[in-house]
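Beneath this line is the structure, given in structure tokens, with notes to follow.
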Amino acid sequence: MERFFKRKSDFVPKNISVGVEINLADLPSDPGLRKSISNYDPKIRDQVRREYLQRGPRQPKEHKFRKSSFGVKERKFNSAWFDDFPNWLEYSIEQDAAYCLCCYLFKTNTGGQGGGDVFTQTGYRNWKDKKRLHAHVGDLNSAHNQALRKCEDLMNERQHIRNIIDKNAKQSKNIISNSAYCISRLYSVSSKTRSCISRP
């Protein structure tokens, strides 16, 4: 899994041009400063997603985390959580909050499942409750795990290309089938017309 979240080469195109231009180097690294993935033009969303996946989750392990009051105690983000959730957990220095990279990139509308917007927009700040991070991951078919699989599929080019080929093959099969039906109908009509014309 980790291989999908690390830059595979040093070459990264600086500008993507598909009718919409974006400088990938200008994408904010801090998850608290990112705009919603749905605010990007659909033509470039996959390029933006790939760029973030190649960068990997923002994990400033050496940062001096701010303390926040929780009742009578002061608590702060625990950088050891990066080791427990290395492929998705991110921390925003600007917002002093934790986020989920996978859910940010591929969040589905599932209401409050997986923490709702907490791990994608507002940020998680309950530093005394690590159990909530496990709850966010959820079971095999949770919103988080679905987003994680989409990240893996996007970064696995063979899988991505295979999906496109399968989709095109199905469309081609339908076109051929419909064309064959039309040709047989035309032949049938043509045969009947010739037999009517050739009669004395």
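Note on naming: chains are A, B, ... as they come in the structure tokens, residues start from 1 per chain, ligands start from 1 in the order shown.
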
Write out as a PDB file with N, CA and C atoms, in the first residue's frame which residues come within 10 Å of Gln95 (chain A) when counting only C-alpha atoms, dropping same-chain ones fewer than 3 positions away.
ATOM      1  N   ASP A  30      -0.558  21.806   3.115  1.00  0.00           N
ATOM      2  CA  ASP A  30      -1.269  21.760   4.390  1.00  0.00           C
ATOM      3  C   ASP A  30      -2.736  21.401   4.153  1.00  0.00           C
ATOM      4  N   PRO A  31      -3.217  20.291   4.722  1.00  0.00           N
ATOM      5  CA  PRO A  31      -4.596  19.865   4.466  1.00  0.00           C
ATOM      6  C   PRO A  31      -5.650  20.867   4.940  1.00  0.00           C
ATOM      7  N   GLY A  32      -5.321  21.695   5.891  1.00  0.00           N
ATOM      8  CA  GLY A  32      -6.265  22.703   6.371  1.00  0.00           C
ATOM      9  C   GLY A  32      -6.428  23.869   5.428  1.00  0.00           C
ATOM     10  N   LEU A  33      -5.558  23.974   4.426  1.00  0.00           N
ATOM     11  CA  LEU A  33      -5.617  25.083   3.468  1.00  0.00           C
ATOM     12  C   LEU A  33      -6.118  24.654   2.094  1.00  0.00           C
ATOM     13  N   TYR A  91      -1.714  16.000   9.181  1.00  0.00           N
ATOM     14  CA  TYR A  91      -1.864  17.023  10.219  1.00  0.00           C
ATOM     15  C   TYR A  91      -1.699  18.402   9.582  1.00  0.00           C
ATOM     16  N   SER A  92      -2.603  19.309   9.930  1.00  0.00           N
ATOM     17  CA  SER A  92      -2.534  20.685   9.462  1.00  0.00           C
ATOM     18  C   SER A  92      -1.926  21.549  10.553  1.00  0.00           C
ATOM     19  N   ALA A  98      -6.259  17.131  12.503  1.00  0.00           N
ATOM     20  CA  ALA A  98      -5.901  15.945  11.716  1.00  0.00           C
ATOM     21  C   ALA A  98      -6.925  15.737  10.605  1.00  0.00           C
ATOM     22  N   THR A 122     -13.386  20.020   8.316  1.00  0.00           N
ATOM     23  CA  THR A 122     -13.223  20.769   9.568  1.00  0.00           C
ATOM     24  C   THR A 122     -11.991  20.347  10.349  1.00  0.00           C
ATOM     25  N   GLY A 123     -11.585  19.098  10.240  1.00  0.00           N
ATOM     26  CA  GLY A 123     -10.407  18.602  10.944  1.00  0.00           C
ATOM     27  C   GLY A 123     -10.756  17.994  12.289  1.00  0.00           C
ATOM     28  N   TYR A 124     -10.024  16.964  12.663  1.00  0.00           N
ATOM     29  CA  TYR A 124     -10.222  16.238  13.921  1.00  0.00           C
ATOM     30  C   TYR A 124      -9.272  16.801  14.970  1.00  0.00           C
ATOM     31  N   ARG A 125      -9.830  17.149  16.151  1.00  0.00           N
ATOM     32  CA  ARG A 125      -9.006  17.782  17.190  1.00  0.00           C
ATOM     33  C   ARG A 125      -9.138  17.135  18.567  1.00  0.00           C
TER      34      ARG A 125
END

Neighbours of region 55-68 of chain A within 7 Å (only C-alpha atoms; same-chain residues fewer than 4 positions away dropped), as an MDAnalysis selection string? chainID A and resid 5:7 29:30 51 74:77 79 82 87:91 101

Using only C-alpha atoms, determine which residues lie at most 12 Å from Arg149 (chain A), disregarding the query and same-chain residues fewer than 2 positions distant; provide the list as an NGL selection string. :A and (1 or 4 or 87-88 or 102-103 or 105-107 or 140-147 or 151-156 or 159-160)

Using only C-alpha atoms, the residue out of A:Tyr40, A:Asn126, A:Asp117, A:Ala25 with shortest distance to Gly71 (chain A) is A:Asn126

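Nearest to Phe85 (chain A) of all the residues A:Leu24, A:Leu133, A:Ala169, A:Leu148 is A:Leu133, counting only C-alpha atoms.
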